[in-house]
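Enquirer: One structure follows; several queries about it will come next.
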Amino acid sequence: MDTTAVVWTPTPHPHRIATISLIAGKAHVSGSLGLTALPDSPSPAPTPGLPPQLAALIPPRDPRNSQRRIVSTLMDRAGIELRGRPALEQDWLTLLYCGRDGIGALDVFESDAEAERYYGEPDRPEPSESELLPALIRMQRGQASPADTELILAQGPVAGVPGAMPKWLGREWLYKFESSAYPGLLALEDLAYEIHSRAGFEVPETRLLAIDGVPVLASRRFDRRLAHGRAVAVESMYSVWATEYPSQIRCNTDGSMELMADTFREYGLPVLEWYGRYVLAILTGNGDMHSENVSLLARDDQVQLSPIYDPAPMRAYRGRDNHDLLSALPCAGIGGTTSSGYRPYADSGDTPPDLRDRLVQLGVYAGIDAAVAEGEIDRLLAVSAGYAESVPAHLILTLPGGYQGRAPDVRGFQATLDAVARACR
Ligand SMILES: Nc1ncnc2c1ncn2[C@@H]1O[C@H](COP(=O)(O)OP(=O)(O)OP(=O)(O)O)[C@@H](O)[C@H]1O
Ligand SMILES: [Mg+2]
């Protein structure tokens, strides 16, 4: 097994940016992978797993993850044996196999020659949505025909996408498939996108599709600029933090909103825009704004906040651990997940009566004038007025006929939304 690899970026023209080696069970990077790394910043410390920027290019480590299953099948066919190897070696081989053309602008190759060959090749044509999506859905249901399997495998290795929901990474669109565990989620997520857009926040174009009765949410990739044929560098806040504070940040619910405010100020990023997004997440019942649900991107040679993604109001799916979260990352001393150490209002479903004051406190911490923070909260209360009433139409109507599973707790969710809005007034 090769234990060195090279990392290239196609932006603004293909070139190598780093090398990476496996030495004594750790990944050593020489060069910088991070979007926010200053020109003279040192290489990140060796990591026991893949560095976060590259770990995001392989499918999540869940045997039920459909992208992982597809990549594993292709690797099996190519004679690449993962079984019996340590986890880091498995991830390494998977990265070398599929770590190209993923979200962002980092591509991994065995050698520079391989990279040059790759960038010289024309893009493979992509099958139409109407061919590919039904085949992927049948595969997820365990009902793929041999022709479906061949169509999917013929796409070759596709980079993984982080996150818990099943997905497919197309060249122009990212497709998220509804899982039977979360009926109605994608219709609700699409509604949340609409409200964020109404609030003036940048959202990608989305299309809510129904393929053989399964909802699919397509969002246009903001990490691709098709007109220029360019990949846009993207890095999640989790990756920024895990690189900067490797011993403290080990999962996407480590850290806090105050730490995020610090990072935003450090990089001179728009704090009010970020703050407003967080307030609206809280008002729409999205307690899942963890550090992988906030990303930075490089646009016009400047580091910026990415458009909104994953505004999914997960509090509708209460009754499971860490789903009825006020805020995945603690803020003003409250919230967070139950696993990140006990804090009031973690996964209790309760609403702090002084929520408005706490949000203003976060705003002031981030350098926003208290009156401006209050004004933003009031503006977003107005934008989200009526949202709680529109939820049932999205959640109930999308349940398939004869659905037997656990339905979202629509009434409980609405009661929480009302309580949160009241506590923000
Ligand atoms: N329109 C888009 N363009 C580019 N990248 C995107 C887009 N939407 C999402 N992403 C990327 O894909 C990843 C997964 O998407 P998303 O967060 O929606 O998935 P998820 O499975 O719902 O995640 P979670 O585990 O947080 O619930 C994001 O972390 C982000 O990096
Ligand atoms: Mg996410």
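Residue numbering restarts at 1 in every chain; chains get A, B, ... in the order shown in the structure tokens, and ligands count up from 1 in that same order.
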Please identify every polymer residue within 7 Å of ligand 2, using only C-alpha atoms and all ligand atoms, and present the set as a list in words.

Expert: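 Within the 7 Å cut-off, the matching residues are Gly163, Glu292, Asn293 and Asp310 of chain A.
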
Enquirer: Emit the selected residues as an mmCIF file, in the first residue's frame, including C-alpha atoms.

Expert:
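Writing done, so here's result.cif:
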data_model
loop_
_atom_site.group_PDB
_atom_site.id
_atom_site.type_symbol
_atom_site.label_atom_id
_atom_site.label_comp_id
_atom_site.auth_asym_id
_atom_site.auth_seq_id
_atom_site.Cartn_x
_atom_site.Cartn_y
_atom_site.Cartn_z
ATOM 1 C CA GLY A 163 -24.050 14.071 7.041
ATOM 2 C CA GLU A 292 -20.516 20.969 10.123
ATOM 3 C CA ASN A 293 -23.688 22.837 9.250
ATOM 4 C CA ASP A 310 -29.290 21.928 6.012
#

Enquirer: Around ligand 1, at most 9 Å away and counting only C-alpha atoms and all ligand atoms, which residues are there? Put them as a VMD selection string, please.

Expert: chain A and resid 56 102 to 104 161 to 167 169 172 to 176 203 to 206 218 to 224 234 to 236 252 288 to 295 306 to 312 314

Enquirer: I need the strand (DSSP E or B) residues of segment 37-281 of chain A per DSSP on the backbone, written as a short mmCIF file (atom, residue, chain, number, x, y, z; two decimals) with N, CA, C and O atoms, in the first residue's frame.

Expert:
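For reference, result-v4.cif as written:
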data_model
loop_
_atom_site.label_atom_id
_atom_site.label_comp_id
_atom_site.auth_asym_id
_atom_site.auth_seq_id
_atom_site.Cartn_x
_atom_site.Cartn_y
_atom_site.Cartn_z
N THR A 47 -2.58 13.65 12.66
CA THR A 47 -3.88 13.26 13.21
C THR A 47 -4.02 11.74 13.22
O THR A 47 -3.54 11.07 12.30
N ASP A 107 -8.60 17.64 -4.17
CA ASP A 107 -8.59 16.35 -4.85
C ASP A 107 -7.35 15.59 -4.42
O ASP A 107 -6.27 16.18 -4.34
N VAL A 108 -7.50 14.29 -4.17
CA VAL A 108 -6.38 13.49 -3.66
C VAL A 108 -5.96 12.47 -4.72
O VAL A 108 -6.82 11.82 -5.32
N PHE A 109 -4.66 12.35 -4.93
CA PHE A 109 -4.12 11.42 -5.94
C PHE A 109 -2.93 10.66 -5.38
O PHE A 109 -2.26 11.14 -4.47
N LYS A 167 -27.51 10.45 0.38
CA LYS A 167 -27.31 11.50 -0.64
C LYS A 167 -26.66 10.94 -1.89
O LYS A 167 -26.07 9.87 -1.87
N TRP A 168 -26.71 11.75 -2.93
CA TRP A 168 -25.92 11.49 -4.13
C TRP A 168 -25.35 12.82 -4.58
O TRP A 168 -26.08 13.82 -4.64
N LEU A 169 -24.06 12.81 -4.89
CA LEU A 169 -23.40 14.05 -5.30
C LEU A 169 -23.34 14.09 -6.83
O LEU A 169 -22.55 13.37 -7.44
N TRP A 173 -25.85 19.32 -8.93
CA TRP A 173 -26.83 19.27 -7.84
C TRP A 173 -26.40 18.25 -6.80
O TRP A 173 -25.82 17.22 -7.13
N LEU A 174 -26.74 18.57 -5.55
CA LEU A 174 -26.60 17.59 -4.47
C LEU A 174 -28.01 17.07 -4.17
O LEU A 174 -28.91 17.88 -3.94
N TYR A 175 -28.18 15.76 -4.17
CA TYR A 175 -29.50 15.17 -3.95
C TYR A 175 -29.53 14.56 -2.55
O TYR A 175 -28.66 13.77 -2.20
N LYS A 176 -30.56 14.92 -1.79
CA LYS A 176 -30.75 14.35 -0.46
C LYS A 176 -32.03 13.52 -0.54
O LYS A 176 -33.06 14.04 -0.99
N PHE A 177 -31.99 12.28 -0.13
CA PHE A 177 -33.15 11.39 -0.23
C PHE A 177 -33.82 11.31 1.13
O PHE A 177 -33.14 11.24 2.16
N THR A 206 -33.29 25.29 -4.76
CA THR A 206 -33.67 23.91 -4.39
C THR A 206 -34.87 23.47 -5.21
O THR A 206 -35.66 24.29 -5.68
N ARG A 207 -34.97 22.16 -5.38
CA ARG A 207 -36.15 21.57 -6.05
C ARG A 207 -36.56 20.37 -5.23
O ARG A 207 -35.75 19.47 -4.98
N LEU A 208 -37.82 20.35 -4.79
CA LEU A 208 -38.32 19.19 -4.04
C LEU A 208 -38.96 18.25 -5.04
O LEU A 208 -39.97 18.58 -5.66
N LEU A 209 -38.36 17.09 -5.22
CA LEU A 209 -38.85 16.13 -6.22
C LEU A 209 -39.53 14.97 -5.50
O LEU A 209 -39.30 14.73 -4.32
N ALA A 210 -40.36 14.25 -6.23
CA ALA A 210 -40.91 13.00 -5.69
C ALA A 210 -40.59 11.94 -6.73
O ALA A 210 -41.04 12.02 -7.87
N ILE A 211 -39.76 10.98 -6.35
CA ILE A 211 -39.34 9.95 -7.30
C ILE A 211 -39.88 8.62 -6.78
O ILE A 211 -39.47 8.17 -5.71
N VAL A 214 -40.85 8.78 -3.29
CA VAL A 214 -39.85 9.16 -2.28
C VAL A 214 -39.44 10.61 -2.50
O VAL A 214 -39.00 10.97 -3.60
N PRO A 215 -39.58 11.47 -1.48
CA PRO A 215 -39.12 12.85 -1.65
C PRO A 215 -37.59 12.92 -1.79
O PRO A 215 -36.86 12.20 -1.11
N VAL A 216 -37.17 13.77 -2.70
CA VAL A 216 -35.73 14.01 -2.91
C VAL A 216 -35.56 15.53 -2.97
O VAL A 216 -36.29 16.20 -3.70
N LEU A 217 -34.65 16.06 -2.18
CA LEU A 217 -34.40 17.50 -2.22
C LEU A 217 -33.09 17.74 -2.96
O LEU A 217 -32.03 17.33 -2.50
N ALA A 218 -33.22 18.37 -4.12
CA ALA A 218 -32.02 18.71 -4.90
C ALA A 218 -31.63 20.13 -4.55
O ALA A 218 -32.48 21.02 -4.56
N SER A 219 -30.36 20.33 -4.19
CA SER A 219 -29.92 21.72 -3.99
C SER A 219 -28.74 21.97 -4.92
O SER A 219 -27.87 21.12 -5.07
N ARG A 220 -28.78 23.12 -5.56
CA ARG A 220 -27.71 23.44 -6.52
C ARG A 220 -26.40 23.65 -5.77
O ARG A 220 -26.37 24.38 -4.78
N ARG A 224 -19.66 24.92 -6.84
CA ARG A 224 -19.32 24.82 -8.25
C ARG A 224 -19.77 26.10 -8.94
O ARG A 224 -20.86 26.59 -8.69
N ARG A 225 -18.89 26.62 -9.79
CA ARG A 225 -19.27 27.79 -10.58
C ARG A 225 -19.24 27.34 -12.00
O ARG A 225 -18.18 27.29 -12.62
N ARG A 230 -15.33 26.14 -12.54
CA ARG A 230 -14.38 26.15 -11.42
C ARG A 230 -14.96 25.54 -10.17
O ARG A 230 -16.14 25.71 -9.89
N ALA A 231 -14.12 24.88 -9.40
CA ALA A 231 -14.54 24.42 -8.09
C ALA A 231 -14.27 25.54 -7.09
O ALA A 231 -13.29 26.27 -7.21
N VAL A 234 -14.34 25.10 -0.11
CA VAL A 234 -15.31 25.17 0.99
C VAL A 234 -14.71 24.45 2.19
O VAL A 234 -14.05 23.42 2.03
N GLU A 235 -14.90 24.99 3.36
CA GLU A 235 -14.46 24.28 4.56
C GLU A 235 -15.47 24.49 5.68
O GLU A 235 -15.94 25.61 5.89
N SER A 236 -15.80 23.41 6.38
CA SER A 236 -16.78 23.56 7.47
C SER A 236 -16.10 24.15 8.70
O SER A 236 -14.88 24.05 8.88
#

Enquirer: With distances taken over only C-alpha atoms, which residue among A:Tyr238, A:Tyr387, A:Tyr403, A:Tyr119 lies nearest Ala55 of chain A?

Expert: A:Tyr238

Enquirer: What's around Ser43 of chain A at 7 Å? Count only C-alpha atoms, leave out sequence neighbours fewer than 3 positions away in its own chain, and write the answer as a list in words.

Expert: Val29, Ser30, Gly31 and Ser32 of chain A

Enquirer: Mind dumping the selected residues with N, CA and C atoms as a CSV table (one decimal), in the first residue's frame?

Expert:
chain,number,residue,atom,x,y,z
A,29,VAL,N,0.5,15.8,7.3
A,29,VAL,CA,0.3,16.7,6.1
A,29,VAL,C,1.4,17.7,6.0
A,30,SER,N,2.0,17.8,4.8
A,30,SER,CA,2.9,18.9,4.7
A,30,SER,C,2.3,19.9,3.6
A,31,GLY,N,2.1,21.1,4.1
A,31,GLY,CA,1.3,22.1,3.3
A,31,GLY,C,0.0,22.3,4.0
A,32,SER,N,-0.8,23.2,3.5
A,32,SER,CA,-2.0,23.6,4.2
A,32,SER,C,-3.2,23.1,3.3

Enquirer: Segment 214-318 of chain A: which residues are helix (DSSP H, G or I) by DSSP, as a ChimeraX atom specification?

Expert: /A:226-228,237-244,257-266,271-283,314-317

Enquirer: At most 12 Å is the cut-off: for each residue in segment 120-220 of chain A with any atom that close to an atom of segment 93-96 of chain A, write down the nearest atom pair and the distance in Å rounded to one decimal, counting only C-alpha atoms, chain first then increasing number, as JSON lines.

Expert:
{"residue": "A:Pro157", "atom": "CA", "partner": "A:Thr94", "partner_atom": "CA", "distance": 9.6}
{"residue": "A:Val158", "atom": "CA", "partner": "A:Leu95", "partner_atom": "CA", "distance": 10.6}
{"residue": "A:Ala159", "atom": "CA", "partner": "A:Leu95", "partner_atom": "CA", "distance": 8.3}
{"residue": "A:Gly160", "atom": "CA", "partner": "A:Leu95", "partner_atom": "CA", "distance": 9.2}

Enquirer: Okay, now the selection with N, CA and C atoms, as a CSV table (one decimal), in the first residue's frame?

Expert:
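Output file again19.csv is given in full below:
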chain,number,residue,atom,x,y,z
A,157,PRO,N,-16.1,5.9,-9.1
A,157,PRO,CA,-16.1,6.4,-7.7
A,157,PRO,C,-16.6,7.9,-7.6
A,158,VAL,N,-17.5,8.1,-6.7
A,158,VAL,CA,-18.0,9.5,-6.5
A,158,VAL,C,-17.6,9.9,-5.0
A,159,ALA,N,-17.1,11.0,-4.8
A,159,ALA,CA,-16.6,11.4,-3.5
A,159,ALA,C,-17.8,11.4,-2.5
A,160,GLY,N,-17.5,11.1,-1.2
A,160,GLY,CA,-18.6,11.1,-0.2
A,160,GLY,C,-19.0,12.5,0.1

Enquirer: Using only C-alpha atoms, what table do you get, as JSON lines, when you list each residue of segment 298-399 of chain A with an atom no more than 7 Å from segment 193-199 of chain A, its nearest pair of atoms, and their distance in Å rounded to one decimal, rows by chain then rising number?

Expert:
{"residue": "A:Pro311", "atom": "CA", "partner": "A:Tyr193", "partner_atom": "CA", "distance": 6.4}
{"residue": "A:Leu380", "atom": "CA", "partner": "A:Ala199", "partner_atom": "CA", "distance": 6.9}
{"residue": "A:Val383", "atom": "CA", "partner": "A:Ala199", "partner_atom": "CA", "distance": 6.1}
{"residue": "A:Ser384", "atom": "CA", "partner": "A:Ile195", "partner_atom": "CA", "distance": 6.9}

Enquirer: Once you have the residues from the selection above, write them out as a compact mmCIF listing (two decimals), in the first residue's frame, restricted to N, CA, C and O atoms.

Expert:
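The new file part06.txt reads:
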# COMPACT_ATOMS: atom_id res chain seq x y z
N PRO A 311 -31.03 23.55 6.64
CA PRO A 311 -31.83 24.27 7.65
C PRO A 311 -32.93 23.37 8.23
O PRO A 311 -33.94 23.86 8.73
N LEU A 380 -36.60 38.92 12.56
CA LEU A 380 -36.75 37.50 12.23
C LEU A 380 -38.02 36.90 12.85
O LEU A 380 -38.59 35.97 12.30
N VAL A 383 -40.45 37.74 10.20
CA VAL A 383 -40.31 36.88 9.01
C VAL A 383 -40.89 35.49 9.27
O VAL A 383 -41.51 34.89 8.40
N SER A 384 -40.70 34.98 10.50
CA SER A 384 -41.12 33.59 10.77
C SER A 384 -42.54 33.51 11.34
O SER A 384 -43.01 32.42 11.64

Enquirer: For Leu417 of chain A, list every protein, DNA or RNA residue within 9 Å, evaluated using only C-alpha atoms, and leave out those in the same chain fewer than 5 positions away; present the list as a ChimeraX atom specification.

Expert: /A:282-285,387-388,412,422

Enquirer: Could you save those same residues with all heavy atoms as a PDB file, in the first residue's frame?

Expert:
ATOM      1  N   ILE A 282     -33.106  28.908  15.387  1.00  0.00           N
ATOM      2  CA  ILE A 282     -33.808  28.670  16.657  1.00  0.00           C
ATOM      3  C   ILE A 282     -35.310  28.882  16.487  1.00  0.00           C
ATOM      4  O   ILE A 282     -36.129  28.086  16.948  1.00  0.00           O
ATOM      5  CB  ILE A 282     -33.200  29.567  17.757  1.00  0.00           C
ATOM      6  CG1 ILE A 282     -31.826  28.995  18.110  1.00  0.00           C
ATOM      7  CG2 ILE A 282     -34.111  29.655  18.980  1.00  0.00           C
ATOM      8  CD1 ILE A 282     -31.161  29.600  19.291  1.00  0.00           C
ATOM      9  N   LEU A 283     -35.685  29.937  15.767  1.00  0.00           N
ATOM     10  CA  LEU A 283     -37.115  30.244  15.606  1.00  0.00           C
ATOM     11  C   LEU A 283     -37.830  29.225  14.717  1.00  0.00           C
ATOM     12  O   LEU A 283     -39.051  29.093  14.788  1.00  0.00           O
ATOM     13  CB  LEU A 283     -37.283  31.650  15.007  1.00  0.00           C
ATOM     14  CG  LEU A 283     -36.957  32.819  15.938  1.00  0.00           C
ATOM     15  CD1 LEU A 283     -36.968  34.136  15.160  1.00  0.00           C
ATOM     16  CD2 LEU A 283     -37.959  32.876  17.099  1.00  0.00           C
ATOM     17  N   THR A 284     -37.090  28.525  13.857  1.00  0.00           N
ATOM     18  CA  THR A 284     -37.741  27.552  12.961  1.00  0.00           C
ATOM     19  C   THR A 284     -37.602  26.122  13.475  1.00  0.00           C
ATOM     20  O   THR A 284     -37.956  25.167  12.778  1.00  0.00           O
ATOM     21  CB  THR A 284     -37.155  27.637  11.524  1.00  0.00           C
ATOM     22  OG1 THR A 284     -35.722  27.604  11.612  1.00  0.00           O
ATOM     23  CG2 THR A 284     -37.586  28.903  10.820  1.00  0.00           C
ATOM     24  N   GLY A 285     -37.088  25.957  14.690  1.00  0.00           N
ATOM     25  CA  GLY A 285     -37.016  24.603  15.263  1.00  0.00           C
ATOM     26  C   GLY A 285     -35.886  23.777  14.693  1.00  0.00           C
ATOM     27  O   GLY A 285     -35.924  22.554  14.689  1.00  0.00           O
ATOM     28  N   TYR A 387     -45.149  30.669  10.532  1.00  0.00           N
ATOM     29  CA  TYR A 387     -44.430  29.429  10.168  1.00  0.00           C
ATOM     30  C   TYR A 387     -45.018  28.220  10.901  1.00  0.00           C
ATOM     31  O   TYR A 387     -45.292  27.184  10.292  1.00  0.00           O
ATOM     32  CB  TYR A 387     -42.946  29.621  10.493  1.00  0.00           C
ATOM     33  CG  TYR A 387     -42.107  28.369  10.531  1.00  0.00           C
ATOM     34  CD1 TYR A 387     -41.815  27.654   9.369  1.00  0.00           C
ATOM     35  CD2 TYR A 387     -41.577  27.896  11.736  1.00  0.00           C
ATOM     36  CE1 TYR A 387     -41.031  26.512   9.414  1.00  0.00           C
ATOM     37  CE2 TYR A 387     -40.796  26.752  11.788  1.00  0.00           C
ATOM     38  CZ  TYR A 387     -40.530  26.066  10.623  1.00  0.00           C
ATOM     39  OH  TYR A 387     -39.764  24.939  10.677  1.00  0.00           O
ATOM     40  N   ALA A 388     -45.245  28.373  12.220  1.00  0.00           N
ATOM     41  CA  ALA A 388     -45.745  27.237  13.012  1.00  0.00           C
ATOM     42  C   ALA A 388     -47.059  26.719  12.426  1.00  0.00           C
ATOM     43  O   ALA A 388     -47.287  25.506  12.369  1.00  0.00           O
ATOM     44  CB  ALA A 388     -45.931  27.640  14.471  1.00  0.00           C
ATOM     45  N   GLY A 412     -46.584  18.815  19.212  1.00  0.00           N
ATOM     46  CA  GLY A 412     -45.500  19.122  20.154  1.00  0.00           C
ATOM     47  C   GLY A 412     -44.535  20.123  19.526  1.00  0.00           C
ATOM     48  O   GLY A 412     -44.065  21.062  20.179  1.00  0.00           O
ATOM     49  N   ARG A 422     -42.366  33.136  21.764  1.00  0.00           N
ATOM     50  CA  ARG A 422     -42.771  33.964  22.917  1.00  0.00           C
ATOM     51  C   ARG A 422     -41.544  34.382  23.740  1.00  0.00           C
ATOM     52  O   ARG A 422     -41.413  35.524  24.138  1.00  0.00           O
ATOM     53  CB  ARG A 422     -43.747  33.170  23.796  1.00  0.00           C
ATOM     54  CG  ARG A 422     -45.116  33.839  23.881  1.00  0.00           C
ATOM     55  CD  ARG A 422     -46.109  33.044  24.720  1.00  0.00           C
ATOM     56  NE  ARG A 422     -46.476  31.771  24.119  1.00  0.00           N
ATOM     57  CZ  ARG A 422     -46.294  30.577  24.653  1.00  0.00           C
ATOM     58  NH1 ARG A 422     -45.739  30.462  25.851  1.00  0.00           N
ATOM     59  NH2 ARG A 422     -46.655  29.484  24.011  1.00  0.00           N
TER      60      ARG A 422
END

Enquirer: Between A:Met260, A:Leu82, A:Val372, A:Val303, which has the minimum distance to Pro330 of chain A (counting only C-alpha atoms)?

Expert: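 Closest residue, counting only C-alpha atoms: A:Met260.
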
Enquirer: Which residues are near segment 183-187 of chain A? Cut-off 7 Å, only C-alpha atoms, ignore same chain within fewer than 4 positions. Put them as a ChimeraX atom specification.

Expert: /A:178-179,191,215,217,394-395,398-399,407

Enquirer: Got time to write the residues from that selection, C-alpha atoms, as a tab-separated table (two decimals), in the first residue's frame?

Expert:
chain	number	residue	atom	x	y	z
A	178	GLU	CA	-35.83	11.15	2.41
A	179	SER	CA	-35.15	8.38	4.90
A	191	LEU	CA	-40.03	25.27	3.67
A	215	PRO	CA	-39.12	12.85	-1.65
A	217	LEU	CA	-34.40	17.50	-2.22
A	394	HIS	CA	-45.86	20.09	5.02
A	395	LEU	CA	-45.44	17.33	7.57
A	398	THR	CA	-46.21	14.17	2.83
A	399	LEU	CA	-46.69	10.99	4.90
A	407	ALA	CA	-44.91	10.14	12.67

Enquirer: Quick one: residues within 8 Å of Glu110 of chain A, only C-alpha atoms counted, chain neighbours fewer than 6 positions away excluded, as number ranges by chain?

Expert: A: 2, 4-6, 96

Enquirer: Next, the residues of the selection above should be written as a PDB file, in the first residue's frame with all heavy atoms.

Expert:
ATOM      1  N   ASP A   2       0.574   2.168  -0.939  1.00  0.00           N
ATOM      2  CA  ASP A   2       1.289   3.444  -0.946  1.00  0.00           C
ATOM      3  C   ASP A   2       0.952   4.219   0.311  1.00  0.00           C
ATOM      4  O   ASP A   2      -0.213   4.314   0.680  1.00  0.00           O
ATOM      5  CB  ASP A   2       0.799   4.308  -2.125  1.00  0.00           C
ATOM      6  CG  ASP A   2       1.638   4.070  -3.352  1.00  0.00           C
ATOM      7  OD1 ASP A   2       2.725   3.495  -3.206  1.00  0.00           O
ATOM      8  OD2 ASP A   2       1.185   4.447  -4.449  1.00  0.00           O
ATOM      9  N   THR A   4       2.058   7.464   0.760  1.00  0.00           N
ATOM     10  CA  THR A   4       2.090   8.918   0.532  1.00  0.00           C
ATOM     11  C   THR A   4       1.119   9.252  -0.598  1.00  0.00           C
ATOM     12  O   THR A   4       0.863   8.415  -1.472  1.00  0.00           O
ATOM     13  CB  THR A   4       3.486   9.445   0.127  1.00  0.00           C
ATOM     14  OG1 THR A   4       3.875   8.785  -1.063  1.00  0.00           O
ATOM     15  CG2 THR A   4       4.508   9.237   1.205  1.00  0.00           C
ATOM     16  N   ALA A   5       0.588  10.426  -0.541  1.00  0.00           N
ATOM     17  CA  ALA A   5      -0.357  10.883  -1.574  1.00  0.00           C
ATOM     18  C   ALA A   5      -0.194  12.380  -1.727  1.00  0.00           C
ATOM     19  O   ALA A   5       0.453  13.033  -0.893  1.00  0.00           O
ATOM     20  CB  ALA A   5      -1.786  10.540  -1.160  1.00  0.00           C
ATOM     21  N   VAL A   6      -0.781  12.910  -2.791  1.00  0.00           N
ATOM     22  CA  VAL A   6      -0.688  14.356  -3.010  1.00  0.00           C
ATOM     23  C   VAL A   6      -2.095  14.940  -3.048  1.00  0.00           C
ATOM     24  O   VAL A   6      -3.044  14.276  -3.462  1.00  0.00           O
ATOM     25  CB  VAL A   6       0.058  14.694  -4.329  1.00  0.00           C
ATOM     26  CG1 VAL A   6       1.531  14.363  -4.183  1.00  0.00           C
ATOM     27  CG2 VAL A   6      -0.539  13.969  -5.521  1.00  0.00           C
ATOM     28  N   LEU A  96      -8.046   7.557  -1.400  1.00  0.00           N
ATOM     29  CA  LEU A  96      -7.316   7.497  -2.671  1.00  0.00           C
ATOM     30  C   LEU A  96      -8.218   7.010  -3.795  1.00  0.00           C
ATOM     31  O   LEU A  96      -8.034   7.364  -4.954  1.00  0.00           O
ATOM     32  CB  LEU A  96      -6.107   6.565  -2.541  1.00  0.00           C
ATOM     33  CG  LEU A  96      -4.923   7.219  -1.847  1.00  0.00           C
ATOM     34  CD1 LEU A  96      -3.843   6.214  -1.535  1.00  0.00           C
ATOM     35  CD2 LEU A  96      -4.358   8.333  -2.729  1.00  0.00           C
TER      36      LEU A  96
END

Enquirer: Taking into account only C-alpha atoms, which residue in the set A:Asp409, A:Asp148, A:Asp357, A:Glu266 is nearest to Tyr317 of chain A?

Expert: A:Asp409

Enquirer: At a cut-off of 12 Å, using only C-alpha atoms, what residues contact Leu329 of chain A? Leave out same-chain residues fewer than 3 positions from it and give the result as number ranges by chain.

Expert: A: 237-238, 251-261, 278, 282, 286-294, 322, 325-326, 332-341, 343, 345-347

Enquirer: Go through A:Ala105, A:Val271, A:Leu397, A:Val410 and flag the residue nearest Gln53 of chain A, using only C-alpha atoms for the distances.

Expert: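 Closest to Gln53 of chain A, using only C-alpha atoms: A:Ala105.
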